[in-house]
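Data from data_5.txt: compact mmCIF, C-alpha atoms and all ligand atoms
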# COMPACT_ATOMS: atom_id res chain seq x y z
CA GLU Z 1170 65.49 145.03 78.79
CA PRO Z 1171 65.97 143.09 82.01
CA ASP Z 1172 63.16 140.59 81.59
CA THR Z 1173 63.70 139.68 77.97
CA ILE Z 1174 65.85 137.06 76.30
CA GLU Z 1175 67.11 138.46 72.99
CA ILE Z 1176 68.30 136.01 70.35
CA GLU Z 1177 70.46 137.73 67.73
CA ASP Z 1178 71.46 136.11 64.44
CA LEU Z 1179 71.98 132.79 66.19
CA ARG Z 1180 73.58 129.95 64.28
CA VAL Z 1181 74.30 126.41 65.38
CA THR Z 1182 76.19 124.18 62.94
CA PHE Z 1183 76.97 120.62 63.97
CA SER Z 1184 80.07 118.72 62.90
CA GLY Z 1185 79.29 117.27 59.49
CA GLY Z 1186 77.96 120.65 58.39
CA VAL Z 1187 74.35 120.33 59.55
CA GLN Z 1188 73.02 123.86 60.01
CA ALA Z 1189 70.45 123.20 62.69
CA VAL Z 1190 69.91 126.88 63.40
CA ALA Z 1191 70.73 129.12 60.45
CA GLY Z 1192 70.45 132.72 61.61
CA ILE Z 1193 67.57 133.47 63.97
CA ASP Z 1194 66.42 136.70 65.61
CA LEU Z 1195 63.71 136.32 68.24
CA SER Z 1196 62.87 137.63 71.67
CA LEU Z 1197 61.04 136.16 74.65
CA THR Z 1198 59.67 138.29 77.49
CA VAL Z 1199 58.44 137.31 80.94
CA GLY Z 1200 54.68 136.97 81.11
CA GLU Z 1201 54.30 135.72 77.55
CA THR Z 1202 54.19 132.33 75.90
CA LEU Z 1203 56.03 132.01 72.62
CA GLY Z 1204 55.39 128.94 70.52
CA LEU Z 1205 58.14 127.47 68.38
CA VAL Z 1206 56.65 125.31 65.66
CA GLY Z 1207 58.31 123.15 63.07
CA GLU Z 1208 58.66 119.64 61.66
CA SER Z 1209 61.40 117.46 63.10
CA GLY Z 1210 64.64 118.71 61.54
CA SER Z 1211 63.54 122.34 61.70
CA GLY Z 1212 66.02 123.15 64.47
CA LYS Z 1213 63.47 124.13 67.09
CA THR Z 1214 64.86 121.94 69.87
CA THR Z 1215 68.44 122.98 69.09
CA LEU Z 1216 67.39 126.62 69.32
CA ALA Z 1217 65.64 125.97 72.64
CA LYS Z 1218 68.71 124.20 74.03
CA ALA Z 1219 70.93 127.13 73.05
CA LEU Z 1220 68.98 129.22 75.55
CA ILE Z 1221 70.17 127.06 78.44
CA GLY Z 1222 73.68 126.47 77.16
CA LEU Z 1223 72.98 122.91 76.02
CA SER Z 1224 73.76 123.53 72.36
CA ARG Z 1225 76.77 125.61 71.53
CA PRO Z 1226 76.17 128.33 68.96
CA THR Z 1227 78.61 128.78 66.08
CA SER Z 1228 77.84 132.48 65.98
CA GLY Z 1229 75.34 135.06 67.17
CA ARG Z 1230 74.28 136.00 70.66
CA VAL Z 1231 71.62 135.31 73.24
CA ARG Z 1232 71.38 138.29 75.58
CA PHE Z 1233 69.75 138.15 78.98
CA GLU Z 1234 70.22 140.47 81.95
CA GLY Z 1235 73.33 142.01 80.43
CA ARG Z 1236 75.02 138.67 79.81
CA ASP Z 1237 75.61 136.65 76.67
CA LEU Z 1238 74.25 133.16 77.24
CA THR Z 1239 76.48 131.76 74.51
CA ALA Z 1240 79.65 132.61 76.50
CA LEU Z 1241 79.02 131.81 80.14
CA THR Z 1242 81.48 131.05 82.89
CA ARG Z 1243 80.84 128.16 85.25
CA ALA Z 1244 79.43 130.50 87.91
CA ASP Z 1245 77.18 132.11 85.30
CA ARG Z 1246 75.78 128.69 84.41
CA LEU Z 1247 74.43 128.18 87.90
CA TRP Z 1248 72.88 131.66 87.75
CA LEU Z 1249 71.32 130.80 84.39
CA ARG Z 1250 69.86 127.52 85.67
CA ARG Z 1251 68.11 129.42 88.38
CA ARG Z 1252 66.62 131.93 85.91
CA VAL Z 1253 65.87 129.70 82.91
CA GLN Z 1254 64.65 126.14 83.26
CA MET Z 1255 63.81 123.53 80.65
CA ILE Z 1256 61.52 120.54 80.76
CA PHE Z 1257 62.31 117.85 78.27
CA GLN Z 1258 60.09 115.76 76.06
CA ASP Z 1259 60.99 112.56 77.80
CA SER Z 1260 60.43 113.64 81.41
CA LEU Z 1261 60.73 110.16 82.79
CA SER Z 1262 64.27 109.66 81.57
CA SER Z 1263 65.23 113.18 82.64
CA LEU Z 1264 64.37 112.24 86.25
CA SER Z 1265 67.09 110.29 87.99
CA PRO Z 1266 65.66 106.78 88.61
CA ARG Z 1267 67.42 106.43 91.97
CA LEU Z 1268 65.90 109.53 93.56
CA THR Z 1269 62.49 109.68 95.16
CA VAL Z 1270 60.10 112.45 94.18
CA ARG Z 1271 60.99 114.12 97.50
CA LYS Z 1272 64.70 114.13 96.65
CA LEU Z 1273 64.04 115.19 93.06
CA LEU Z 1274 62.14 118.23 94.29
CA ALA Z 1275 64.64 119.06 97.06
CA GLU Z 1276 67.69 118.80 94.81
CA PRO Z 1277 67.36 122.23 93.12
CA ILE Z 1278 67.10 123.86 96.56
CA VAL Z 1279 70.37 122.23 97.61
CA ILE Z 1280 72.12 123.00 94.29
CA HIS Z 1281 71.28 126.67 94.55
CA GLY Z 1282 72.07 126.86 98.24
CA LEU Z 1283 68.62 128.07 99.24
CA ASP Z 1284 66.95 127.79 102.60
CA LYS Z 1285 65.12 124.48 102.63
CA ALA Z 1286 62.83 125.31 105.54
CA GLU Z 1287 61.67 128.41 103.70
CA ARG Z 1288 61.34 126.73 100.30
CA TRP Z 1289 59.74 123.42 101.15
CA PRO Z 1290 56.23 124.82 101.82
CA LYS Z 1291 56.42 126.36 98.32
CA VAL Z 1292 57.29 122.97 96.89
CA LEU Z 1293 54.26 121.45 98.59
CA ASP Z 1294 52.15 124.29 97.23
CA LEU Z 1295 53.50 123.65 93.72
CA MET Z 1296 52.68 119.96 94.08
CA ALA Z 1297 49.14 120.80 95.12
CA ARG Z 1298 48.72 123.15 92.16
CA LEU Z 1299 49.98 120.43 89.87
CA GLY Z 1300 47.61 117.87 91.35
CA LEU Z 1301 50.40 115.76 92.83
CA ALA Z 1302 49.44 114.11 96.12
CA GLN Z 1303 52.01 114.23 98.92
CA ALA Z 1304 51.82 110.46 98.95
CA GLN Z 1305 53.92 110.61 95.77
CA LEU Z 1306 56.90 112.05 97.65
CA GLY Z 1307 58.20 108.63 98.64
CA LYS Z 1308 57.90 107.12 95.17
CA PHE Z 1309 60.56 106.58 92.55
CA PRO Z 1310 60.06 107.76 88.94
CA HIS Z 1311 59.27 104.24 87.67
CA GLN Z 1312 56.43 104.00 90.20
CA ILE Z 1313 54.48 106.96 88.82
CA SER Z 1314 52.62 107.48 85.53
CA GLY Z 1315 53.91 109.43 82.53
CA GLY Z 1316 51.56 112.30 83.30
CA GLN Z 1317 52.74 112.42 86.91
CA ALA Z 1318 56.38 112.31 85.80
CA ARG Z 1319 55.69 115.32 83.59
CA ARG Z 1320 54.18 117.14 86.57
CA VAL Z 1321 57.16 116.28 88.78
CA ALA Z 1322 59.47 117.62 86.06
CA ILE Z 1323 57.45 120.85 85.91
CA ALA Z 1324 57.44 121.20 89.71
CA ARG Z 1325 61.19 120.56 89.83
CA ALA Z 1326 61.75 123.21 87.13
CA LEU Z 1327 59.74 125.77 89.10
CA VAL Z 1328 61.12 125.07 92.60
CA CYS Z 1329 63.60 127.96 92.37
CA GLU Z 1330 61.11 130.32 90.75
CA PRO Z 1331 62.79 130.88 87.39
CA SER Z 1332 61.79 133.73 85.07
CA PHE Z 1333 61.63 131.50 82.01
CA LEU Z 1334 60.52 127.97 81.32
CA ILE Z 1335 61.34 126.17 78.12
CA ALA Z 1336 58.94 123.32 77.48
CA ASP Z 1337 59.89 120.90 74.73
CA GLU Z 1338 56.77 119.05 73.53
CA PRO Z 1339 55.31 119.15 77.07
CA THR Z 1340 52.26 117.12 76.12
CA ALA Z 1341 53.89 114.55 73.82
CA GLY Z 1342 52.97 110.97 74.58
CA LEU Z 1343 50.17 111.83 77.03
CA ASP Z 1344 46.46 111.03 76.70
CA VAL Z 1345 44.44 113.85 75.18
CA SER Z 1346 42.60 114.48 78.48
CA VAL Z 1347 45.87 114.64 80.43
CA GLN Z 1348 47.29 116.96 77.74
CA GLY Z 1349 44.46 119.44 78.27
CA GLU Z 1350 44.90 119.40 82.05
CA LEU Z 1351 48.62 119.91 81.77
CA LEU Z 1352 48.20 122.89 79.43
CA ASN Z 1353 45.74 124.48 81.84
CA LEU Z 1354 48.18 123.93 84.70
CA LEU Z 1355 51.00 125.53 82.74
CA ALA Z 1356 48.78 128.52 81.94
CA ASP Z 1357 47.90 128.83 85.64
CA LEU Z 1358 51.50 128.63 86.77
CA GLN Z 1359 52.51 131.13 84.14
CA LYS Z 1360 50.08 133.69 85.49
CA ARG Z 1361 50.98 132.99 89.08
CA PHE Z 1362 54.73 133.32 88.56
CA SER Z 1363 54.58 135.71 85.58
CA LEU Z 1364 56.74 133.24 83.69
CA GLY Z 1365 57.99 133.60 80.16
CA ILE Z 1366 57.38 130.27 78.44
CA LEU Z 1367 58.96 129.02 75.25
CA MET Z 1368 56.78 126.15 74.10
CA VAL Z 1369 58.39 123.95 71.49
CA SER Z 1370 55.92 121.76 69.65
CA HIS Z 1371 54.91 120.39 66.31
CA ASN Z 1372 51.33 120.23 67.61
CA LEU Z 1373 49.47 123.23 66.17
CA ASN Z 1374 46.43 122.65 68.37
CA VAL Z 1375 48.56 122.96 71.49
CA ILE Z 1376 50.35 126.04 70.14
CA GLY Z 1377 47.09 127.67 69.01
CA ARG Z 1378 45.56 127.11 72.41
CA VAL Z 1379 48.23 128.39 74.77
CA THR Z 1380 50.64 130.79 73.04
CA ASP Z 1381 50.55 134.57 72.66
CA ARG Z 1382 53.10 134.62 69.87
CA VAL Z 1383 54.33 131.98 67.50
CA ALA Z 1384 57.42 131.47 65.35
CA ILE Z 1385 57.22 128.99 62.48
CA MET Z 1386 60.58 127.35 61.74
CA TYR Z 1387 61.73 125.54 58.64
CA LEU Z 1388 65.25 124.16 58.14
CA GLY Z 1389 66.79 126.33 60.81
CA LYS Z 1390 65.11 129.61 59.90
CA VAL Z 1391 62.01 131.49 60.97
CA MET Z 1392 59.51 131.65 58.11
CA GLU Z 1393 56.86 133.66 59.91
CA GLU Z 1394 56.47 135.11 63.38
CA GLY Z 1395 53.89 137.20 65.19
CA PRO Z 1396 50.83 137.16 67.45
CA THR Z 1397 49.40 133.64 67.29
CA ARG Z 1398 45.90 134.92 66.64
CA ARG Z 1399 47.06 136.83 63.56
CA VAL Z 1400 49.41 134.21 62.21
CA PHE Z 1401 46.85 131.40 62.61
CA GLY Z 1402 43.98 133.62 61.49
CA GLY Z 1403 45.60 134.76 58.26
CA PRO Z 1404 49.05 133.32 57.54
CA ARG Z 1405 51.13 135.19 54.97
CA HIS Z 1406 53.79 132.53 54.48
CA PRO Z 1407 52.87 129.54 52.28
CA TYR Z 1408 54.54 127.13 54.70
CA THR Z 1409 52.44 128.37 57.62
CA ALA Z 1410 49.35 128.22 55.43
CA ALA Z 1411 50.16 124.65 54.40
CA LEU Z 1412 50.63 123.51 58.01
CA LEU Z 1413 47.38 125.15 59.07
CA SER Z 1414 45.26 124.02 56.13
CA ALA Z 1415 46.30 120.43 56.80
CA ASN Z 1416 44.97 120.69 60.37
CA PRO Z 1417 41.34 119.64 60.77
CA VAL Z 1418 40.93 121.24 64.22
CA ILE Z 1419 42.23 124.65 63.21
CA ASP Z 1420 40.49 124.76 59.84
CA PRO Z 1421 37.36 122.63 60.27
CA GLU Z 1422 35.37 124.35 57.55
CA HIS Z 1423 38.18 124.23 55.03
CA LYS Z 1424 37.82 127.95 54.50
CA ARG Z 1425 41.44 128.31 53.64
CA GLU Z 1426 42.99 127.90 50.28
CA LYS Z 1427 44.44 124.38 50.42
CA LEU Z 1428 48.18 124.39 50.12
CA VAL Z 1429 49.67 120.94 49.92
CA LEU Z 1430 53.29 120.33 50.80
CA ALA Z 1431 55.23 118.36 48.21
CA GLY Z 1432 57.79 115.80 49.38
CA GLU Z 1433 59.86 115.57 52.54
CA ILE Z 1434 61.83 118.17 54.45
CA PRO Z 1435 65.29 118.41 52.76
CA SER Z 1436 68.49 117.66 54.67
CA PRO Z 1437 69.64 120.55 56.86
CA SER Z 1438 73.24 119.76 55.85
CA ASN Z 1439 72.45 120.86 52.32
CA PRO Z 1440 69.51 123.30 52.40
CA PRO Z 1441 68.03 124.43 49.06
CA SER Z 1442 69.35 127.64 47.49
CA GLY Z 1443 67.36 130.86 47.65
CA CYS Z 1444 64.24 130.32 49.71
CA ARG Z 1445 64.94 127.09 51.56
CA PHE Z 1446 61.26 126.17 51.27
CA HIS Z 1447 61.18 126.41 47.44
CA THR Z 1448 61.46 122.67 46.79
CA ARG Z 1449 58.11 122.11 48.52
CA CYS Z 1450 56.31 125.40 47.98
CA PRO Z 1451 53.23 125.42 45.75
CA ARG Z 1452 53.74 129.16 45.05
CA ALA Z 1453 57.44 129.00 44.14
CA GLN Z 1454 58.67 130.95 41.12
CA ALA Z 1455 62.10 131.31 39.49
CA ARG Z 1456 63.20 134.09 41.86
CA CYS Z 1457 62.66 131.81 44.86
CA ARG Z 1458 65.46 129.49 43.73
CA THR Z 1459 68.11 132.20 43.67
CA GLU Z 1460 67.15 134.91 46.14
CA GLU Z 1461 66.63 134.25 49.84
CA PRO Z 1462 63.68 136.21 51.23
CA GLN Z 1463 64.35 138.11 54.48
CA LEU Z 1464 61.95 138.42 57.39
CA THR Z 1465 59.88 141.50 56.63
CA PRO Z 1466 57.45 143.27 58.97
CA ALA Z 1467 53.88 143.08 57.72
CA GLY Z 1468 52.90 146.09 59.83
CA ASN Z 1469 50.69 144.33 62.39
CA GLY Z 1470 53.34 142.71 64.53
CA VAL Z 1471 53.78 139.86 62.06
CA ARG Z 1472 57.00 139.20 60.14
CA TYR Z 1473 57.32 136.79 57.23
CA ALA Z 1474 60.04 135.70 54.83
CA CYS Z 1475 58.51 135.20 51.39
CA HIS Z 1476 58.72 136.85 47.96
CA PHE Z 1477 55.13 135.93 47.08
CA PRO Z 1478 53.12 135.98 50.32
CA LEU Z 1479 49.45 135.16 50.62
CA GLU Z 1480 47.01 138.02 50.79
CA SER Z 1481 46.51 139.57 54.18
CA ALA Z 1482 43.33 138.37 55.90
CA SER Z 1483 42.57 141.73 57.49
FE1 LIG V 1 57.36 129.92 48.36
FE2 LIG V 1 58.88 131.60 47.04
FE3 LIG V 1 57.64 132.39 49.22
FE4 LIG V 1 59.67 130.72 49.40
S1 LIG V 1 59.76 132.82 48.68
S2 LIG V 1 57.76 130.55 50.45
S3 LIG V 1 59.38 129.48 47.57
S4 LIG V 1 56.70 131.74 47.29

How does this structure look as structure tokens?
Amino acid sequence: EPDTIEIEDLRVTFSGGVQAVAGIDLSLTVGETLGLVGESGSGKTTLAKALIGLSRPTSGRVRFEGRDLTALTRADRLWLRRRVQMIFQDSLSSLSPRLTVRKLLAEPIVIHGLDKAERWPKVLDLMARLGLAQAQLGKFPHQISGGQARRVAIARALVCEPSFLIADEPTAGLDVSVQGELLNLLADLQKRFSLGILMVSHNLNVIGRVTDRVAIMYLGKVMEEGPTRRVFGGPRHPYTAALLSANPVIDPEHKREKLVLAGEIPSPSNPPSGCRFHTRCPRAQARCRTEEPQLTPAGNGVRYACHFPLESAS
């Protein structure tokens, strides 16, 4: 599968024993947007960083174009940066303060040894699509707004036409109106460049609006995964159901059975036995404390990991 990133039984354990990613199988294909949802501490950002070689897996593989992204040579890393780009939550601090917007956008062209004369018109086109005036080219990051910085970061990520874009909380910290614009822009760019996007967010409204598929993470594992429409329309996993039923935009009529989460997310250095969600699950029974549920296909493209799932909506 040339245009798919395959994540196989990926684990990332930090020193001190924190299992940030505790065995994950997922795939991401060009042309689709996959949402990665979870509370802070769920391991979603660590998983995303593993795809660009920024967090080092303890075991497992990430396969892409015949290579294993967990074991890259230096030359491979440059290849990977051209194919898979990431925009970070805090765009402003990810942009070097001493470079103008012009230099920030030209830098990837230089790094990858591309023809500047040929690429620059595409950069200007990207800027126009992102609503960035050319007058911004001479400015430094501290002279532009947070929303503009986010757009510059997106433009910079797309300068070399990658196949995949990883967006970590791309709308965090922006006004609601700017958030909506930015999501529309990302959707536009995705279509234009047939990008695969991994969107990492704890914001269910954002995920529900722009993703084709969604994976719900809890303490380093995927609890439920499948087409967003199906997962949001009729979650099988109690954790998904609890997240959704607490969201007034997604469930305005309170049609869903209310599932209320007890307590805080436990420490990932010492996850609960059995089902790692059992300490907070309103449906937990004795079996949940001893036996870990595996991700099971529900038959409609959805997979969930639960011994006592909710009824199917369809
Ligand atoms: Fe809840 Fe048990 Fe299902 Fe885990 S396996 S989500 S504890 S019902």

task: Would you please work out which residue, of Z:Leu1464, Z:Cys1450, Z:Val1328, Z:Ala1244, is nearest to ligand LIG 1 (chain V) when using all atoms listed in the file?
output: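 Selected residue with least distance to ligand LIG 1 (chain V): Z:Cys1450.
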
Rows by chain and residue number, stretch 1267-1335 of chain Z within 8 Å of stretch 1359-1376 of chain Z, shortest pair, only C-alpha atoms, as JSON lines:
{"residue": "Z:Glu1330", "atom": "CA", "partner": "Z:Phe1362", "partner_atom": "CA", "distance": 7.4}
{"residue": "Z:Pro1331", "atom": "CA", "partner": "Z:Leu1364", "partner_atom": "CA", "distance": 7.5}
{"residue": "Z:Ser1332", "atom": "CA", "partner": "Z:Leu1364", "partner_atom": "CA", "distance": 5.3}
{"residue": "Z:Phe1333", "atom": "CA", "partner": "Z:Gly1365", "partner_atom": "CA", "distance": 4.6}
{"residue": "Z:Leu1334", "atom": "CA", "partner": "Z:Ile1366", "partner_atom": "CA", "distance": 4.8}
{"residue": "Z:Ile1335", "atom": "CA", "partner": "Z:Leu1367", "partner_atom": "CA", "distance": 4.7}

task: Report as a PyMOL selection string which protein, DNA and RNA residues come within 12 Å of ligand LIG 1 (chain V), using only C-alpha atoms and all ligand atoms.
output: chain Z and resi 1387+1390-1393+1404-1411+1428-1431+1441-1465+1473-1479

query: What's the 12 Å shell around stretch 1284-1295 of chain Z, counting all atoms listed in the file, without same-chain residues fewer than 3 positions away, as number ranges by chain?
result: Z: 1270-1281, 1298-1306, 1320-1330, 1354-1355, 1357-1358, 1361-1362

query: Mind pulling up the distance from atom CA of Z:Arg1252 to atom CA of Z:Ala1318?
result: 22.1 Å

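Going from atom CA of Z:Asn1353 over to atom CA of Z:Gly1316, you cover 13.6 Å.
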
- prompt: What does the distance between atom CA of Z:Asp1172 and atom CA of Z:Ala1217 come to in Å, to one decimal place?
  reply: 17.3 Å

Please return as an mmCIF file with C-alpha atoms, in the coordinates of the input every residue within 12 Å of (50.8, 118.9, 71.9), taking into account only C-alpha atoms and the file's own coordinates.
data_model
loop_
_atom_site.group_PDB
_atom_site.id
_atom_site.type_symbol
_atom_site.label_atom_id
_atom_site.label_comp_id
_atom_site.auth_asym_id
_atom_site.auth_seq_id
_atom_site.Cartn_x
_atom_site.Cartn_y
_atom_site.Cartn_z
ATOM 1 C CA GLY Z 1204 55.390 128.940 70.520
ATOM 2 C CA LEU Z 1205 58.140 127.470 68.380
ATOM 3 C CA VAL Z 1206 56.650 125.310 65.660
ATOM 4 C CA GLN Z 1258 60.090 115.760 76.060
ATOM 5 C CA ALA Z 1336 58.940 123.320 77.480
ATOM 6 C CA ASP Z 1337 59.890 120.900 74.730
ATOM 7 C CA GLU Z 1338 56.770 119.050 73.530
ATOM 8 C CA PRO Z 1339 55.310 119.150 77.070
ATOM 9 C CA THR Z 1340 52.260 117.120 76.120
ATOM 10 C CA ALA Z 1341 53.890 114.550 73.820
ATOM 11 C CA GLY Z 1342 52.970 110.970 74.580
ATOM 12 C CA LEU Z 1343 50.170 111.830 77.030
ATOM 13 C CA ASP Z 1344 46.460 111.030 76.700
ATOM 14 C CA VAL Z 1345 44.440 113.850 75.180
ATOM 15 C CA SER Z 1346 42.600 114.480 78.480
ATOM 16 C CA VAL Z 1347 45.870 114.640 80.430
ATOM 17 C CA GLN Z 1348 47.290 116.960 77.740
ATOM 18 C CA GLY Z 1349 44.460 119.440 78.270
ATOM 19 C CA GLU Z 1350 44.900 119.400 82.050
ATOM 20 C CA LEU Z 1351 48.620 119.910 81.770
ATOM 21 C CA LEU Z 1352 48.200 122.890 79.430
ATOM 22 C CA MET Z 1368 56.780 126.150 74.100
ATOM 23 C CA VAL Z 1369 58.390 123.950 71.490
ATOM 24 C CA SER Z 1370 55.920 121.760 69.650
ATOM 25 C CA HIS Z 1371 54.910 120.390 66.310
ATOM 26 C CA ASN Z 1372 51.330 120.230 67.610
ATOM 27 C CA LEU Z 1373 49.470 123.230 66.170
ATOM 28 C CA ASN Z 1374 46.430 122.650 68.370
ATOM 29 C CA VAL Z 1375 48.560 122.960 71.490
ATOM 30 C CA ILE Z 1376 50.350 126.040 70.140
ATOM 31 C CA GLY Z 1377 47.090 127.670 69.010
ATOM 32 C CA ARG Z 1378 45.560 127.110 72.410
ATOM 33 C CA VAL Z 1379 48.230 128.390 74.770
ATOM 34 C CA THR Z 1380 50.640 130.790 73.040
#

Per-axis box centre and lengths in Å around stretch 1260-1279 of chain Z, 5 Å margin per side, axis-aligned, as JSON:
{"center_x": 65.2, "center_y": 115.1, "center_z": 89.5, "size_x": 20.3, "size_y": 27.4, "size_z": 26.2}
